[in-house]
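See below for the structure under consideration.
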Amino acid sequence: MTNLFSPISVGSIPLSHRIVAAPLTRLRSEQPGDIPGDLMVEYYAQRASEGGLQIAEATPVAVQGRGYLGSPGIYSDEQVAGWHRVTDAIHAKGGRIVLQLWHVGRQSHIDNTGGPSPVAPSAVQTGDLVFTKDGWVPVSPNRALTIEEIAEIVEQFRQGAIRAKAAGFDGVEIHGANGYLVDQFIQDGSNKRTDRYGGTVENRARFLFEVLEAVTSVWGGDRVGLRIGPSGTFLSMSDSDPQATFGYIARELNRFGLAYLHVIEPRIVGSEAPVDGQPPVAAAHLRPLFKGPIIAAGGFDKKGAEEIIARGDADLVAFGRYFASNPDLVKRYRHDWPLNAYDRATFYGGDARGYVDYPFYQQVAVAA
């Protein structure tokens, strides 16, 4: 019977188990320059497992795509060199790692963009917060992108894909969820355009598909994944018909031959409970539409992960908070060892505390 420890391939990436380290924004890059340093190398190396997949944290493809001070980038040679140290450490332990390519769109501040206003499909303002040199502050007012600028950002994603390959990654994932730029184009609560990038679902999905065409031209579809959050309302997101919007996207993705589709599950009790008056869209709804492997994410524990894989609604499960606090999570789940508790206060920014100082199980046992 298929379970968390059954082998699987996502595209051309073979894996020995189905426990995925989710992309987690931790804001620990070296400044200035958003460069992965020693601390990040240690963090990722700790969580490497033989034949396991890590999805590296959301990584801006351009300065204007930065939203949170401390996030590593993939738009400079120094960042490529820093990331190569990370991928070398993962590969030395037999692990696999893909880089999540990111542009935050309207979710930014002029201190992080270097001065220009944040950009979005439409000038829809929000009251959300971003992390800057002054701590957590409201986002700066955003403006709508021109057609020419949209093409420039697509090219930035392509260049990010090229740099990710130079940095030694095994593939890339497009961040199309959580209220950032790709998601802002997809959902009609944030996209009010009346040109070929707005209105119908086909138009609103155009930017996503152009990004995928650019990135797969570098990697091939079998080393590219996509993350979506069909039921997410984080960062003021909404869509009038998420079932139709994300159903269309799931079907159209098949022409790219992607390595996987990464779906953030709705955080609700019962899969049919309404969210803001709309039924949620979960992996189970997209399973009949998307023909490749599906990674499910969203607050899973081991029991919940085993259940969704047994049902066949997903093929792999991504863990976030538990991987943050348990660098040896794969071994702990394999042997049913107890887990470390996570410290939410150290999730975003800081030093080694709450980042690379969580004990491995053997250390806990010896101390006991």
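Following the order of the structure tokens, chains are lettered A, B, ..., residues in each are numbered from 1, and ligands are numbered from 1.
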Skip range 53-68 of chain A itself and residues of its chain fewer than 2 positions away, then list as an MDAnalysis selection string all residues within 7 Å of it, counting only C-alpha atoms. chainID A and resid 15 20:25 51 70:75 95:105 107:109 112:113 118 130:132 156:157 160
Could those selected residues go to a file with N, CA and C atoms, as a compact mmCIF listing (two decimals), in the first residue's frame?
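part-v9.txt was written with the following content:
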# COMPACT_ATOMS: atom_id res chain seq x y z
N LEU A 15 12.51 10.31 -5.82
CA LEU A 15 12.49 10.51 -4.38
C LEU A 15 12.26 9.17 -3.69
N VAL A 20 7.89 16.12 2.20
CA VAL A 20 8.53 17.27 1.55
C VAL A 20 8.72 18.39 2.56
N ALA A 21 9.89 19.02 2.53
CA ALA A 21 10.10 20.21 3.35
C ALA A 21 9.50 21.40 2.62
N ALA A 22 8.48 22.02 3.20
CA ALA A 22 7.77 23.11 2.56
C ALA A 22 8.65 24.36 2.48
N PRO A 23 8.37 25.25 1.50
CA PRO A 23 9.09 26.52 1.42
C PRO A 23 8.68 27.43 2.58
N LEU A 24 9.66 27.82 3.39
CA LEU A 24 9.38 28.62 4.59
C LEU A 24 10.21 29.90 4.58
N THR A 25 9.55 31.03 4.61
CA THR A 25 10.24 32.31 4.71
C THR A 25 10.79 32.46 6.13
N GLY A 51 17.32 11.03 -0.48
CA GLY A 51 16.23 10.87 -1.42
C GLY A 51 15.01 11.71 -1.12
N GLY A 70 15.52 40.40 4.42
CA GLY A 70 16.10 39.16 4.92
C GLY A 70 15.83 37.96 4.04
N SER A 71 14.88 38.09 3.10
CA SER A 71 14.66 37.00 2.15
C SER A 71 15.85 36.92 1.19
N PRO A 72 16.35 35.73 0.90
CA PRO A 72 17.43 35.60 -0.08
C PRO A 72 16.91 35.85 -1.48
N GLY A 73 17.79 36.30 -2.37
CA GLY A 73 17.41 36.57 -3.75
C GLY A 73 18.04 35.60 -4.72
N ILE A 74 17.69 35.76 -6.01
CA ILE A 74 18.28 34.96 -7.07
C ILE A 74 18.47 35.86 -8.31
N TYR A 75 18.95 37.10 -8.06
CA TYR A 75 19.13 38.05 -9.15
C TYR A 75 20.55 38.60 -9.21
N GLY A 95 20.15 14.44 -0.77
CA GLY A 95 18.85 15.07 -0.88
C GLY A 95 18.64 15.78 -2.20
N ARG A 96 17.41 16.25 -2.40
CA ARG A 96 17.04 17.01 -3.60
C ARG A 96 16.46 18.35 -3.14
N ILE A 97 16.67 19.38 -3.95
CA ILE A 97 16.16 20.70 -3.57
C ILE A 97 15.79 21.50 -4.80
N VAL A 98 14.62 22.13 -4.77
CA VAL A 98 14.18 23.03 -5.84
C VAL A 98 14.00 24.42 -5.23
N LEU A 99 14.15 25.43 -6.07
CA LEU A 99 14.06 26.82 -5.61
C LEU A 99 12.71 27.42 -5.97
N GLN A 100 12.06 28.06 -5.01
CA GLN A 100 10.78 28.71 -5.27
C GLN A 100 11.02 30.13 -5.79
N LEU A 101 10.66 30.37 -7.04
CA LEU A 101 10.83 31.68 -7.67
C LEU A 101 9.64 32.57 -7.33
N TRP A 102 9.93 33.84 -6.99
CA TRP A 102 8.93 34.67 -6.29
C TRP A 102 9.01 36.12 -6.77
N HIS A 103 7.85 36.72 -6.88
CA HIS A 103 7.73 38.18 -7.02
C HIS A 103 6.53 38.56 -6.17
N VAL A 104 6.73 39.49 -5.21
CA VAL A 104 5.65 39.78 -4.26
C VAL A 104 4.58 40.71 -4.82
N GLY A 105 4.87 41.41 -5.93
CA GLY A 105 3.87 42.33 -6.47
C GLY A 105 3.57 43.47 -5.51
N GLN A 107 2.71 43.42 -2.49
CA GLN A 107 3.03 43.16 -1.09
C GLN A 107 4.47 43.59 -0.78
N SER A 108 4.71 44.90 -0.85
CA SER A 108 6.07 45.40 -0.65
C SER A 108 6.04 46.83 -0.11
N HIS A 109 7.23 47.36 0.04
CA HIS A 109 7.42 48.71 0.57
C HIS A 109 8.59 49.34 -0.19
N ASN A 112 12.08 48.35 0.47
CA ASN A 112 12.55 47.05 -0.03
C ASN A 112 12.72 47.02 -1.54
N THR A 113 11.97 47.86 -2.26
CA THR A 113 12.09 47.89 -3.72
C THR A 113 13.22 48.79 -4.19
N PRO A 118 5.58 49.63 -5.26
CA PRO A 118 5.24 48.25 -5.57
C PRO A 118 4.28 48.20 -6.77
N VAL A 130 4.55 44.40 5.76
CA VAL A 130 5.78 43.80 5.26
C VAL A 130 6.89 44.10 6.25
N PHE A 131 8.01 43.36 6.12
CA PHE A 131 9.11 43.53 7.05
C PHE A 131 10.21 44.36 6.39
N THR A 132 10.59 45.46 7.03
CA THR A 132 11.61 46.36 6.51
C THR A 132 12.66 46.61 7.60
N GLN A 156 12.29 38.32 -16.06
CA GLN A 156 12.98 38.19 -14.77
C GLN A 156 12.80 36.78 -14.20
N PHE A 157 11.62 36.20 -14.37
CA PHE A 157 11.43 34.81 -13.94
C PHE A 157 12.32 33.87 -14.75
N GLY A 160 15.75 34.20 -13.45
CA GLY A 160 15.82 33.53 -12.17
C GLY A 160 15.96 32.02 -12.32
Residue list (strand (DSSP E), DSSP) for range 259-318 of chain A, as a PyMOL selection string: chain A and resi 260-264+294-297+316-318
Among listed residues A:Arg163, A:Glu210, A:Val218, A:Pro230, nearest Asn178 in chain A (using only C-alpha atoms): A:Pro230
All helix (DSSP H, G or I) positions in range 96-215 of chain A, as a PyMOL selection string: chain A and resi 110-113+147-166+181-186+201-204+206-215
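Every protein, DNA or RNA residue with an atom at most 6 Å from range 301-316 of chain A, where only C-alpha atoms count and chain neighbours fewer than 6 positions away do not, is listed here: Arg18, Ala283, Ala284, Pro293, Ile294 and Ile295 of chain A.
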Near range 195-207 of chain A, within 12 Å and counting only C-alpha atoms, which residues show up once chain neighbours fewer than 4 positions away are dropped, as a PyMOL selection string? chain A and resi 120-122+144-147+149-155+157+174+176+181-191+211-214+239-253
Export, as a compact mmCIF listing (two decimals), in the first residue's frame, the selected residues with N, CA and C atoms.
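After the write, out00.txt holds the following:
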# COMPACT_ATOMS: atom_id res chain seq x y z
N ALA A 120 1.47 45.82 -9.32
CA ALA A 120 0.42 44.81 -9.23
C ALA A 120 -0.33 44.79 -10.56
N PRO A 121 -1.18 43.79 -10.77
CA PRO A 121 -2.00 43.81 -11.98
C PRO A 121 -2.91 45.04 -12.02
N SER A 122 -3.41 45.43 -10.84
CA SER A 122 -4.28 46.60 -10.73
C SER A 122 -3.94 47.34 -9.45
N ALA A 144 -0.57 49.92 -11.09
CA ALA A 144 -0.80 48.86 -12.07
C ALA A 144 0.37 48.76 -13.05
N LEU A 145 0.71 47.55 -13.41
CA LEU A 145 1.77 47.29 -14.39
C LEU A 145 1.30 47.63 -15.80
N THR A 146 2.22 48.11 -16.63
CA THR A 146 1.95 48.26 -18.05
C THR A 146 2.20 46.93 -18.75
N ILE A 147 1.70 46.82 -19.97
CA ILE A 147 1.92 45.60 -20.76
C ILE A 147 3.41 45.33 -20.92
N GLU A 149 5.85 46.24 -18.97
CA GLU A 149 6.45 45.83 -17.70
C GLU A 149 6.13 44.37 -17.37
N ILE A 150 4.96 43.92 -17.76
CA ILE A 150 4.60 42.52 -17.53
C ILE A 150 5.59 41.62 -18.26
N ALA A 151 5.90 41.96 -19.51
CA ALA A 151 6.88 41.17 -20.27
C ALA A 151 8.25 41.19 -19.60
N GLU A 152 8.62 42.32 -19.01
CA GLU A 152 9.90 42.41 -18.33
C GLU A 152 9.95 41.48 -17.11
N ILE A 153 8.84 41.38 -16.39
CA ILE A 153 8.82 40.51 -15.21
C ILE A 153 8.85 39.04 -15.63
N VAL A 154 8.17 38.70 -16.71
CA VAL A 154 8.27 37.33 -17.23
C VAL A 154 9.73 36.99 -17.53
N GLU A 155 10.45 37.93 -18.12
CA GLU A 155 11.87 37.71 -18.40
C GLU A 155 12.67 37.59 -17.10
N PHE A 157 11.62 36.20 -14.37
CA PHE A 157 11.43 34.81 -13.94
C PHE A 157 12.32 33.87 -14.75
N ILE A 174 7.35 27.70 -9.17
CA ILE A 174 6.78 29.04 -9.30
C ILE A 174 5.84 29.28 -8.13
N GLY A 176 2.83 30.69 -6.97
CA GLY A 176 1.59 31.23 -7.50
C GLY A 176 0.50 31.33 -6.45
N LEU A 181 2.44 38.12 -6.58
CA LEU A 181 2.12 38.67 -7.90
C LEU A 181 1.37 37.70 -8.81
N VAL A 182 1.83 36.46 -8.94
CA VAL A 182 1.14 35.52 -9.81
C VAL A 182 -0.29 35.32 -9.34
N ASP A 183 -0.47 35.16 -8.03
CA ASP A 183 -1.81 35.00 -7.46
C ASP A 183 -2.65 36.25 -7.67
N GLN A 184 -2.03 37.42 -7.59
CA GLN A 184 -2.74 38.68 -7.79
C GLN A 184 -3.32 38.77 -9.20
N PHE A 185 -2.60 38.24 -10.17
CA PHE A 185 -3.14 38.20 -11.53
C PHE A 185 -4.29 37.20 -11.65
N ILE A 186 -4.16 36.04 -11.00
CA ILE A 186 -5.13 34.96 -11.16
C ILE A 186 -6.50 35.33 -10.58
N GLN A 187 -6.54 35.90 -9.39
CA GLN A 187 -7.80 36.08 -8.68
C GLN A 187 -8.44 37.44 -9.00
N ASP A 188 -9.74 37.43 -9.18
CA ASP A 188 -10.41 38.66 -9.65
C ASP A 188 -10.64 39.69 -8.54
N GLY A 189 -10.37 39.32 -7.29
CA GLY A 189 -10.43 40.32 -6.24
C GLY A 189 -9.30 41.32 -6.32
N SER A 190 -8.19 40.92 -6.91
CA SER A 190 -7.02 41.79 -7.05
C SER A 190 -6.76 42.19 -8.49
N ASN A 191 -7.33 41.50 -9.45
CA ASN A 191 -7.11 41.80 -10.86
C ASN A 191 -8.37 42.44 -11.45
N VAL A 211 4.78 32.96 -17.57
CA VAL A 211 5.90 32.66 -16.67
C VAL A 211 6.30 31.19 -16.79
N LEU A 212 5.32 30.30 -16.83
CA LEU A 212 5.64 28.88 -16.97
C LEU A 212 6.33 28.58 -18.29
N GLU A 213 5.88 29.21 -19.36
CA GLU A 213 6.54 29.00 -20.66
C GLU A 213 7.99 29.45 -20.61
N ALA A 214 8.23 30.59 -19.94
CA ALA A 214 9.60 31.10 -19.84
C ALA A 214 10.47 30.17 -19.00
N ASP A 239 -11.57 35.54 -4.76
CA ASP A 239 -11.99 35.26 -6.13
C ASP A 239 -13.48 34.95 -6.11
N SER A 240 -14.20 35.43 -7.13
CA SER A 240 -15.65 35.26 -7.14
C SER A 240 -16.07 33.83 -7.44
N ASP A 241 -15.20 33.03 -8.08
CA ASP A 241 -15.53 31.64 -8.40
C ASP A 241 -14.24 30.82 -8.42
N PRO A 242 -13.69 30.51 -7.23
CA PRO A 242 -12.42 29.78 -7.19
C PRO A 242 -12.49 28.39 -7.82
N GLN A 243 -13.66 27.75 -7.76
CA GLN A 243 -13.78 26.43 -8.39
C GLN A 243 -13.50 26.52 -9.88
N ALA A 244 -14.11 27.50 -10.53
CA ALA A 244 -13.91 27.65 -11.98
C ALA A 244 -12.50 28.15 -12.30
N THR A 245 -12.03 29.12 -11.52
CA THR A 245 -10.71 29.70 -11.78
C THR A 245 -9.62 28.65 -11.69
N PHE A 246 -9.56 27.94 -10.57
CA PHE A 246 -8.46 27.00 -10.36
C PHE A 246 -8.69 25.67 -11.06
N GLY A 247 -9.94 25.36 -11.36
CA GLY A 247 -10.20 24.19 -12.20
C GLY A 247 -9.65 24.40 -13.60
N TYR A 248 -9.88 25.59 -14.15
CA TYR A 248 -9.32 25.92 -15.47
C TYR A 248 -7.80 25.83 -15.46
N ILE A 249 -7.19 26.40 -14.43
CA ILE A 249 -5.73 26.40 -14.34
C ILE A 249 -5.21 24.97 -14.25
N ALA A 250 -5.83 24.13 -13.42
CA ALA A 250 -5.36 22.75 -13.25
C ALA A 250 -5.40 22.00 -14.57
N ARG A 251 -6.46 22.19 -15.35
CA ARG A 251 -6.55 21.49 -16.64
C ARG A 251 -5.49 21.99 -17.61
N GLU A 252 -5.31 23.30 -17.68
CA GLU A 252 -4.37 23.87 -18.63
C GLU A 252 -2.92 23.55 -18.29
N LEU A 253 -2.64 23.27 -17.03
CA LEU A 253 -1.27 22.95 -16.64
C LEU A 253 -0.76 21.67 -17.29
Close residues, Tyr322 in chain A itself excluded, 12 Å, only C-alpha atoms, min 6 positions apart in chain, as a VMD selection string: chain A and resid 19 to 22 24 47 298 to 302 328 to 330 332 to 333 338 to 344 347 358
Any idea what's packed within 8 Å of range 39-42 of chain A, counting only C-alpha atoms, ignoring anything in its chain fewer than 6 positions away? Could you give it as a list in words?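 Listing them by chain and then by number gives Arg28, Ser29, Arg85, Val86, Ala89, Ala352 and Val356 of chain A.
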Now that the selection is made, can you save its residues with N, CA and C atoms as a PDB file, in the first residue's frame?
ATOM      1  N   ARG A  28      16.674  34.973   7.007  1.00  0.00           N
ATOM      2  CA  ARG A  28      18.000  34.841   7.615  1.00  0.00           C
ATOM      3  C   ARG A  28      19.136  35.049   6.611  1.00  0.00           C
ATOM      4  N   SER A  29      18.895  35.649   5.458  1.00  0.00           N
ATOM      5  CA  SER A  29      19.987  35.872   4.509  1.00  0.00           C
ATOM      6  C   SER A  29      20.925  36.953   5.017  1.00  0.00           C
ATOM      7  N   ARG A  85      26.324  26.901  -2.344  1.00  0.00           N
ATOM      8  CA  ARG A  85      26.802  26.273  -1.113  1.00  0.00           C
ATOM      9  C   ARG A  85      25.672  25.480  -0.451  1.00  0.00           C
ATOM     10  N   VAL A  86      24.446  26.000  -0.534  1.00  0.00           N
ATOM     11  CA  VAL A  86      23.292  25.293   0.016  1.00  0.00           C
ATOM     12  C   VAL A  86      23.037  24.005  -0.758  1.00  0.00           C
ATOM     13  N   ALA A  89      25.520  21.272  -0.112  1.00  0.00           N
ATOM     14  CA  ALA A  89      25.332  20.625   1.189  1.00  0.00           C
ATOM     15  C   ALA A  89      24.179  19.622   1.137  1.00  0.00           C
ATOM     16  N   ALA A 352      20.637  32.399  15.093  1.00  0.00           N
ATOM     17  CA  ALA A 352      20.568  30.939  15.110  1.00  0.00           C
ATOM     18  C   ALA A 352      19.439  30.412  15.989  1.00  0.00           C
ATOM     19  N   VAL A 356      18.651  27.051  13.755  1.00  0.00           N
ATOM     20  CA  VAL A 356      19.521  25.874  13.611  1.00  0.00           C
ATOM     21  C   VAL A 356      19.825  25.214  14.954  1.00  0.00           C
TER      22      VAL A 356
END
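With only C-alpha atoms as the atoms that count, the residue of A:Gly349, A:Pro279, A:Gly257, A:Gly33 with the shortest distance to Ser231 in chain A is A:Pro279.
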His262 in chain A environment, 8 Å, only C-alpha atoms, sequence neighbours closer than 4 positions dropped, as an MDAnalysis selection string: chainID A and resid 225:228 294:297
Selected residues written out with C-alpha atoms, as a PDB file, in the first residue's frame:
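Writing done, so here's out00.pdb:
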ATOM      1  CA  GLY A 225       6.514  22.829 -10.112  1.00  0.00           C
ATOM      2  CA  LEU A 226       3.776  25.332  -9.297  1.00  0.00           C
ATOM      3  CA  ARG A 227       2.326  26.293  -5.935  1.00  0.00           C
ATOM      4  CA  ILE A 228      -1.264  27.561  -5.741  1.00  0.00           C
ATOM      5  CA  ILE A 294       0.178  16.605  -6.385  1.00  0.00           C
ATOM      6  CA  ILE A 295       1.874  17.877  -3.224  1.00  0.00           C
ATOM      7  CA  ALA A 296      -0.569  18.886  -0.479  1.00  0.00           C
ATOM      8  CA  ALA A 297       0.353  21.445   2.189  1.00  0.00           C
TER       9      ALA A 297
END
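Here CA of Asp38 in chain A and CA of Leu129 in chain A stand 28.3 Å from one another.
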Which is closer to Gly179 in chain A than all the others in A:Lys331, A:Thr233, A:Ser140, A:Asp134, using only C-alpha atoms? A:Thr233
For Asp222 in chain A, which residue out of A:Leu208, A:Ala48, A:Leu261, A:Val317 is the nearest one, using only C-alpha atoms?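 With only C-alpha atoms as the atom set, the closest residue is A:Leu261.
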Between A:Ser117, A:Thr126, A:Asn3, A:Gln159, which is the closest to Asn142 in chain A once you count only C-alpha atoms?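 Using only C-alpha atoms, Asn142 in chain A sits closest to A:Ser117.
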